[in-house]
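**Student:** So here's protein.cif, just mmCIF, C-alpha atoms:
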```
data_protein
#
loop_
_atom_site.group_PDB
_atom_site.id
_atom_site.type_symbol
_atom_site.label_atom_id
_atom_site.label_comp_id
_atom_site.auth_asym_id
_atom_site.auth_seq_id
_atom_site.Cartn_x
_atom_site.Cartn_y
_atom_site.Cartn_z
ATOM 1 C CA MET A 1 25.674 34.991 -1.265
ATOM 2 C CA ILE A 2 24.881 37.837 1.118
ATOM 3 C CA ASP A 3 26.110 41.408 0.834
ATOM 4 C CA VAL A 4 27.058 43.225 4.036
ATOM 5 C CA LEU A 5 28.106 46.593 5.401
ATOM 6 C CA ILE A 6 30.448 47.024 8.363
ATOM 7 C CA ALA A 7 30.632 50.234 10.409
ATOM 8 C CA ASP A 8 33.386 50.727 12.998
ATOM 9 C CA ASP A 9 35.400 53.850 13.821
ATOM 10 C CA GLU A 10 38.447 51.815 14.900
ATOM 11 C CA PRO A 11 40.505 50.918 11.780
ATOM 12 C CA PRO A 12 42.100 47.728 13.214
ATOM 13 C CA ALA A 13 38.712 46.346 14.320
ATOM 14 C CA LEU A 14 37.183 47.277 10.963
ATOM 15 C CA ALA A 15 39.987 45.602 9.012
ATOM 16 C CA GLU A 16 39.827 42.461 11.160
ATOM 17 C CA LEU A 17 36.080 42.046 10.679
ATOM 18 C CA VAL A 18 36.406 42.606 6.930
ATOM 19 C CA ALA A 19 39.061 39.874 6.778
ATOM 20 C CA LEU A 20 37.010 37.434 8.853
ATOM 21 C CA LEU A 21 33.892 37.923 6.753
ATOM 22 C CA ARG A 22 35.851 37.736 3.504
ATOM 23 C CA ALA A 23 37.010 34.255 4.543
ATOM 24 C CA ASP A 24 33.383 33.052 4.560
ATOM 25 C CA ALA A 25 32.344 31.826 1.110
ATOM 26 C CA ARG A 26 28.738 32.889 1.748
ATOM 27 C CA ILE A 27 29.684 36.572 1.900
ATOM 28 C CA GLY A 28 29.464 38.580 -1.324
ATOM 29 C CA ALA A 29 30.144 42.304 -1.418
ATOM 30 C CA ILE A 30 31.575 43.919 1.720
ATOM 31 C CA HIS A 31 31.146 47.679 2.227
ATOM 32 C CA ALA A 32 33.239 49.242 5.012
ATOM 33 C CA ALA A 33 32.412 52.526 6.771
ATOM 34 C CA SER A 34 34.457 54.280 9.454
ATOM 35 C CA SER A 35 31.461 56.100 10.979
ATOM 36 C CA GLY A 36 27.725 55.825 11.359
ATOM 37 C CA ALA A 37 27.174 58.833 9.098
ATOM 38 C CA GLU A 38 29.305 57.291 6.350
ATOM 39 C CA ALA A 39 27.400 54.014 6.749
ATOM 40 C CA LEU A 40 24.075 55.826 6.251
ATOM 41 C CA ARG A 41 25.370 57.472 3.082
ATOM 42 C CA MET A 42 26.501 54.103 1.739
ATOM 43 C CA LEU A 43 23.204 52.441 2.598
ATOM 44 C CA SER A 44 21.315 55.114 0.679
ATOM 45 C CA VAL A 45 22.883 53.815 -2.549
ATOM 46 C CA GLU A 46 23.896 50.223 -1.733
ATOM 47 C CA ALA A 47 21.406 47.487 -0.815
ATOM 48 C CA VAL A 48 22.802 44.947 1.634
ATOM 49 C CA ASP A 49 21.438 41.912 3.458
ATOM 50 C CA ALA A 50 23.070 42.699 6.817
ATOM 51 C CA VAL A 51 24.905 45.438 8.677
ATOM 52 C CA PHE A 52 27.580 44.758 11.291
ATOM 53 C CA LEU A 53 27.679 47.755 13.631
ATOM 54 C CA ASP A 54 29.933 48.892 16.417
ATOM 55 C CA ILE A 55 27.866 50.623 19.100
ATOM 56 C CA HIS A 56 30.108 53.481 20.224
ATOM 57 C CA MET A 57 30.940 55.674 17.237
ATOM 58 C CA PRO A 58 31.148 59.481 17.286
ATOM 59 C CA GLY A 59 28.125 61.312 15.923
ATOM 60 C CA VAL A 60 25.801 58.573 14.698
ATOM 61 C CA SER A 61 26.137 55.588 17.044
ATOM 62 C CA GLY A 62 25.377 52.004 16.127
ATOM 63 C CA PHE A 63 22.075 52.261 17.994
ATOM 64 C CA ASP A 64 21.226 55.484 16.123
ATOM 65 C CA LEU A 65 21.999 53.763 12.840
ATOM 66 C CA ALA A 66 19.825 50.751 13.715
ATOM 67 C CA ARG A 67 16.899 53.094 14.463
ATOM 68 C CA ALA A 68 17.417 54.895 11.155
ATOM 69 C CA LEU A 69 17.179 51.580 9.309
ATOM 70 C CA ASP A 70 13.513 51.324 10.324
ATOM 71 C CA ARG A 71 12.797 53.919 7.630
ATOM 72 C CA PHE A 72 14.217 51.699 4.896
ATOM 73 C CA ALA A 73 11.778 49.852 2.659
ATOM 74 C CA GLU A 74 13.956 46.723 2.960
ATOM 75 C CA ARG A 75 15.579 46.756 6.382
ATOM 76 C CA PRO A 76 18.807 44.721 6.482
ATOM 77 C CA ALA A 77 19.508 42.360 9.363
ATOM 78 C CA VAL A 78 21.329 44.139 12.185
ATOM 79 C CA VAL A 79 24.288 42.597 13.995
ATOM 80 C CA PHE A 80 26.077 44.524 16.733
ATOM 81 C CA VAL A 81 29.808 43.819 17.086
ATOM 82 C CA THR A 82 31.020 45.526 20.227
ATOM 83 C CA ALA A 83 33.069 45.356 23.405
ATOM 84 C CA ASP A 84 30.081 46.743 25.346
ATOM 85 C CA GLU A 85 28.459 43.905 27.308
ATOM 86 C CA ALA A 86 25.746 46.184 28.702
ATOM 87 C CA GLY A 87 24.010 46.956 25.417
ATOM 88 C CA ALA A 88 22.413 43.556 24.767
ATOM 89 C CA VAL A 89 18.959 44.460 26.068
ATOM 90 C CA GLU A 90 18.756 47.655 24.019
ATOM 91 C CA ALA A 91 19.982 45.686 21.003
ATOM 92 C CA PHE A 92 17.093 43.250 21.480
ATOM 93 C CA GLU A 93 14.653 46.154 21.652
ATOM 94 C CA LEU A 94 16.058 47.357 18.321
ATOM 95 C CA GLN A 95 15.373 43.903 16.829
ATOM 96 C CA ALA A 96 19.037 42.991 16.400
ATOM 97 C CA LEU A 97 19.586 39.575 14.884
ATOM 98 C CA ASP A 98 22.774 38.971 16.855
ATOM 99 C CA TYR A 99 25.096 40.558 19.414
ATOM 100 C CA VAL A 100 28.761 39.636 19.082
ATOM 101 C CA LEU A 101 31.346 40.639 21.667
ATOM 102 C CA LYS A 102 34.873 41.674 20.749
ATOM 103 C CA PRO A 103 37.389 40.166 20.283
ATOM 104 C CA VAL A 104 35.501 38.341 17.541
ATOM 105 C CA ARG A 105 36.177 34.620 17.226
ATOM 106 C CA PRO A 106 35.864 33.105 13.731
ATOM 107 C CA GLU A 107 33.581 30.278 14.875
ATOM 108 C CA ARG A 108 31.304 32.763 16.671
ATOM 109 C CA LEU A 109 31.112 34.927 13.556
ATOM 110 C CA ARG A 110 30.283 31.879 11.434
ATOM 111 C CA ARG A 111 27.237 31.228 13.634
ATOM 112 C CA THR A 112 26.221 34.836 13.105
ATOM 113 C CA VAL A 113 26.410 34.419 9.337
ATOM 114 C CA ASP A 114 24.309 31.252 9.750
ATOM 115 C CA ARG A 115 21.632 33.420 11.383
ATOM 116 C CA VAL A 116 21.848 36.079 8.684
ATOM 117 C CA VAL A 117 21.427 33.454 5.966
ATOM 118 C CA ALA A 118 18.482 31.868 7.810
ATOM 119 C CA GLU A 119 16.899 35.290 8.339
ATOM 120 C CA ARG A 120 17.134 36.115 4.640
ATOM 121 C CA ARG A 121 15.599 32.770 3.697
ATOM 122 C CA GLY A 122 12.790 33.373 6.175
ATOM 123 C CA ARG A 123 12.202 36.848 4.764
ATOM 124 C CA GLU A 124 12.055 35.474 1.222
ATOM 125 C CA SER A 125 9.542 32.836 2.307
ATOM 126 C CA GLY A 126 7.428 35.401 4.162
ATOM 127 C CA GLU A 127 8.316 34.238 7.696
ATOM 128 C CA ASP A 128 8.516 36.932 10.364
ATOM 129 C CA ALA A 129 12.023 36.821 11.836
ATOM 130 C CA GLU A 130 11.458 39.435 14.542
ATOM 131 C CA GLY A 131 12.498 38.316 17.993
ATOM 132 C CA GLN A 132 14.010 34.974 16.931
ATOM 133 C CA THR A 133 16.768 35.300 19.532
ATOM 134 C CA VAL A 134 17.017 36.777 23.014
ATOM 135 C CA PRO A 135 20.357 38.102 24.348
ATOM 136 C CA VAL A 136 21.164 36.756 27.820
ATOM 137 C CA PRO A 137 24.142 38.318 29.665
ATOM 138 C CA ILE A 138 26.212 35.560 31.312
ATOM 139 C CA GLY A 139 29.282 36.758 33.185
ATOM 140 C CA GLN A 140 31.586 38.453 30.700
ATOM 141 C CA SER A 141 29.724 37.241 27.611
ATOM 142 C CA VAL A 142 26.297 37.312 25.996
ATOM 143 C CA ARG A 143 24.457 34.147 24.981
ATOM 144 C CA LEU A 144 21.720 34.277 22.370
ATOM 145 C CA VAL A 145 18.842 31.969 23.250
ATOM 146 C CA ARG A 146 16.757 30.908 20.269
ATOM 147 C CA ARG A 147 13.053 31.596 20.585
ATOM 148 C CA ASP A 148 12.312 28.177 19.089
ATOM 149 C CA ASP A 149 14.178 26.516 21.983
ATOM 150 C CA VAL A 150 11.942 28.167 24.619
ATOM 151 C CA ARG A 151 9.106 25.989 25.962
ATOM 152 C CA TRP A 152 7.611 28.345 28.522
ATOM 153 C CA VAL A 153 8.185 31.683 30.207
ATOM 154 C CA LYS A 154 7.587 32.791 33.790
ATOM 155 C CA ALA A 155 7.202 36.427 34.809
ATOM 156 C CA GLU A 156 9.497 37.610 37.591
ATOM 157 C CA GLY A 157 8.588 41.249 38.128
ATOM 158 C CA ASP A 158 9.914 43.315 35.213
ATOM 159 C CA TYR A 159 12.027 40.311 34.195
ATOM 160 C CA SER A 160 11.125 37.025 32.521
ATOM 161 C CA ARG A 161 12.630 33.577 33.030
ATOM 162 C CA LEU A 162 12.891 31.490 29.883
ATOM 163 C CA TRP A 163 12.759 27.700 30.202
ATOM 164 C CA THR A 164 14.219 25.772 27.265
ATOM 165 C CA GLU A 165 13.860 22.260 25.871
ATOM 166 C CA ALA A 166 17.157 21.346 27.521
ATOM 167 C CA GLY A 167 15.722 22.238 30.940
ATOM 168 C CA ASP A 168 17.896 25.354 31.296
ATOM 169 C CA SER A 169 16.496 28.649 32.497
ATOM 170 C CA HIS A 170 17.635 32.164 31.621
ATOM 171 C CA LEU A 171 16.588 35.392 33.322
ATOM 172 C CA VAL A 172 16.177 38.307 30.906
ATOM 173 C CA ARG A 173 15.291 41.937 31.536
ATOM 174 C CA ILE A 174 12.196 41.869 29.341
ATOM 175 C CA PRO A 175 8.613 41.982 30.708
ATOM 176 C CA ILE A 176 6.475 38.966 29.868
ATOM 177 C CA SER A 177 3.902 41.272 28.244
ATOM 178 C CA GLU A 178 6.519 42.346 25.698
ATOM 179 C CA LEU A 179 7.484 38.751 24.939
ATOM 180 C CA GLU A 180 3.794 37.881 24.573
ATOM 181 C CA GLU A 181 3.360 40.590 21.949
ATOM 182 C CA ARG A 182 6.571 39.779 20.069
ATOM 183 C CA TRP A 183 6.121 36.001 20.077
ATOM 184 C CA ALA A 184 2.373 35.579 19.546
ATOM 185 C CA ALA A 185 2.811 34.863 15.828
ATOM 186 C CA ALA A 186 5.413 32.194 16.670
ATOM 187 C CA GLY A 187 2.902 30.117 18.658
ATOM 188 C CA PHE A 188 3.315 31.452 22.202
ATOM 189 C CA VAL A 189 0.114 31.682 24.237
ATOM 190 C CA ARG A 190 -0.501 33.628 27.461
ATOM 191 C CA ILE A 191 -2.214 31.257 29.903
ATOM 192 C CA HIS A 192 -1.797 33.256 33.127
ATOM 193 C CA ARG A 193 -0.502 36.663 34.145
ATOM 194 C CA SER A 194 2.707 34.880 35.136
ATOM 195 C CA TYR A 195 3.030 32.307 32.332
ATOM 196 C CA LEU A 196 3.503 32.152 28.583
ATOM 197 C CA VAL A 197 3.784 28.782 26.821
ATOM 198 C CA HIS A 198 4.749 27.556 23.381
ATOM 199 C CA ALA A 199 1.795 25.711 21.850
ATOM 200 C CA ASP A 200 4.017 22.947 20.433
ATOM 201 C CA ALA A 201 5.347 22.157 23.914
ATOM 202 C CA VAL A 202 1.877 21.584 25.404
ATOM 203 C CA THR A 203 1.061 17.908 26.008
ATOM 204 C CA GLU A 204 -2.208 18.289 27.947
ATOM 205 C CA VAL A 205 -4.927 20.889 28.496
ATOM 206 C CA ARG A 206 -7.388 20.581 31.403
ATOM 207 C CA LEU A 207 -9.695 23.568 31.630
ATOM 208 C CA SER A 208 -12.578 22.104 33.645
ATOM 209 C CA GLY A 209 -12.664 21.702 37.398
ATOM 210 C CA SER A 210 -11.390 23.965 40.131
ATOM 211 C CA LEU A 211 -7.753 24.058 38.939
ATOM 212 C CA PRO A 212 -7.444 24.546 35.161
ATOM 213 C CA VAL A 213 -3.920 23.695 34.006
ATOM 214 C CA VAL A 214 -1.757 23.216 30.946
ATOM 215 C CA GLY A 215 0.685 20.318 30.967
ATOM 216 C CA LEU A 216 4.143 20.434 29.405
ATOM 217 C CA ALA A 217 5.488 16.904 29.778
ATOM 218 C CA GLU A 218 6.804 16.825 33.346
ATOM 219 C CA ILE A 219 5.228 20.047 34.661
ATOM 220 C CA GLU A 220 1.797 21.645 34.986
ATOM 221 C CA LEU A 221 1.197 25.385 34.802
ATOM 222 C CA PRO A 222 -1.951 27.158 36.047
ATOM 223 C CA VAL A 223 -4.433 28.750 33.666
ATOM 224 C CA SER A 224 -6.109 32.008 34.648
ATOM 225 C CA ARG A 225 -9.895 31.714 34.500
ATOM 226 C CA ARG A 226 -10.229 34.924 32.515
ATOM 227 C CA LEU A 227 -7.868 33.481 29.894
ATOM 228 C CA ILE A 228 -9.665 30.123 29.544
ATOM 229 C CA PRO A 229 -11.548 31.192 26.367
ATOM 230 C CA ALA A 230 -8.313 32.294 24.683
ATOM 231 C CA VAL A 231 -6.451 29.185 25.822
ATOM 232 C CA ARG A 232 -9.270 26.955 24.589
ATOM 233 C CA SER A 233 -9.230 28.706 21.217
ATOM 234 C CA ARG A 234 -5.454 28.683 20.773
ATOM 235 C CA LEU A 235 -4.536 25.325 22.319
ATOM 236 C CA VAL A 236 -7.536 22.971 22.318
ATOM 237 C CA LYS A 237 -8.538 23.737 18.735
ATOM 238 C CA ALA A 238 -4.920 23.426 17.652
ATOM 239 C CA GLU A 239 -4.736 19.946 19.235
ATOM 240 C CA ARG A 240 -7.856 18.839 17.353
ATOM 241 C CA ARG A 241 -6.346 19.902 14.032
#
```
Would you mind writing the file's structure down as structure tokens?
**Tutor:**
Amino acid sequence: MIDVLIADDEPPALAELVALLRADARIGAIHAASSGAEALRMLSVEAVDAVFLDIHMPGVSGFDLARALDRFAERPAVVFVTADEAGAVEAFELQALDYVLKPVRPERLRRTVDRVVAERRGRESGEDAEGQTVPVPIGQSVRLVRRDDVRWVKAEGDYSRLWTEAGDSHLVRIPISELEERWAAAGFVRIHRSYLVHADAVTEVRLSGSLPVVGLAEIELPVSRRLIPAVRSRLVKAERR
């Protein structure tokens, strides 16, 4: 069972989300706040596993509230529930676990609760859950791409293109240097100024000769000569183990 807090200044939206979450047997206590300030007061006395936040609230916004949660000893998982499609990138920067667009569909919310449950289990087992998903705006919706589904990343200016196991690619407004820092503990290795790869996706490493490369099944990606020592340490030694 997971305990949650919902903050939304629109009573109908607040009531609807309470009802949807109450229908999920995995949800325990539900605390409802009609403003960000009220949510902060509640969180000072009530420990919850996740907060479901609208973004645009008078006074303390959902983003303000998410930043304030960084001061908590046990930071709950943050889920934004909003009609604002443009806030996904900032939500990612605030380490949101999910980004759900209104109107909320029950099956979409169930997947969100799946993520909250998985995040709590990971926290209890000591796994770092930061950056497990990346929000990708697609038309009028936002798709969350799982970090574990990404095989390699290519830098495209201030953007990054994520290539998944399914062969899909997604362009996100996040520099590759930021993804490198966030995902290093999850097994991602910088092999070139333009490329980041997941160690588990690597099938071949050739670092000798004039063109050092890393193979990922059907493709080969170049390795920067200055990064050869790091690649050898992270990938070649890992293969031997």
**Student:** Could you list the residues chosen by the PyMOL selection byres ((chain A and resi 172-182) around 12) in this structure as number ranges by chain?
**Tutor:** A: 86-90, 92-93, 95, 128-138, 142-145, 147, 150, 152-163, 169-171, 183-198
**Student:** For this file, the PyMOL selection byres ((chain A and resi 54) around 6) selects which residues, as a ChimeraX atom specification?
**Tutor:** /A:8,53,55-56,62,80-82
**Student:** Using only C-alpha atoms for the distances, tell me which of A:Glu218, A:Asp24, A:Glu74, A:Glu10 is nearest to Val48 in chain A.
**Tutor:**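 Answer, going by the shortest atom-to-atom distance: A:Glu74.
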**Student:** May I ask for the distance between CA of Lys102 in chain A and CA of Met42 in chain A, given in Å to one decimal place?
**Tutor:**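 These atoms are spaced 24.2 Å apart.
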**Student:** Can you translate the PyMOL selection byres ((chain A and resi 206) around 12) into the concrete residues it hits in this file, as a list in words?
**Tutor:** Ile191, Val202, Thr203, Glu204, Val205, Leu207, Ser208, Gly209, Ser210, Leu211, Pro212, Val213, Val214, Gly215, Leu216, Glu220, Leu221, Pro222, Val223, Ser224, Arg225, Ile228, Val231, Arg232, Leu235 and Val236 of chain A
**Student:** Quick one: of A:Leu69, A:Ala91, A:Ile6, A:Val51, who's nearest to His31 in chain A, counting all atoms listed in the file?
**Tutor:**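 Nearest candidate to His31 in chain A out of A:Leu69, A:Ala91, A:Ile6, A:Val51: A:Ile6.
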**Student:** Which is closer to Ala118 in chain A than all the others in A:Asp49, A:Glu38, A:Asp64, A:Asp70, using all atoms listed in the file?
**Tutor:**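 Under the stated criterion, the closest residue is A:Asp49.
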**Student:** Please return as a list in words every residue within 8 Å of (26.7, 35.3, 2.2), taking into account all atoms listed in the file and the file's own coordinates.
**Tutor:** Met1, Ile2, Asp3, Asp24, Ala25, Arg26, Ile27, Gly28, Val113 and Val117 of chain A
**Student:** Using only C-alpha atoms, which residues sit within 8 Å of Val60 in chain A once same-chain residues fewer than 2 positions away are excluded, as a list in words?
**Tutor:** Ser35, Gly36, Ala37, Met57, Pro58, Gly62, Asp64 and Leu65 of chain A
**Student:** Taking (12.9, 23.3, 25.6) in the file's coordinates as the center, which residues reach within 6 Å of it, counting only C-alpha atoms, put as a list of chain:residue names?
**Tutor:**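 Answer for this query, in the requested form: A:Asp149, A:Val150, A:Arg151, A:Thr164, A:Glu165, A:Ala166.
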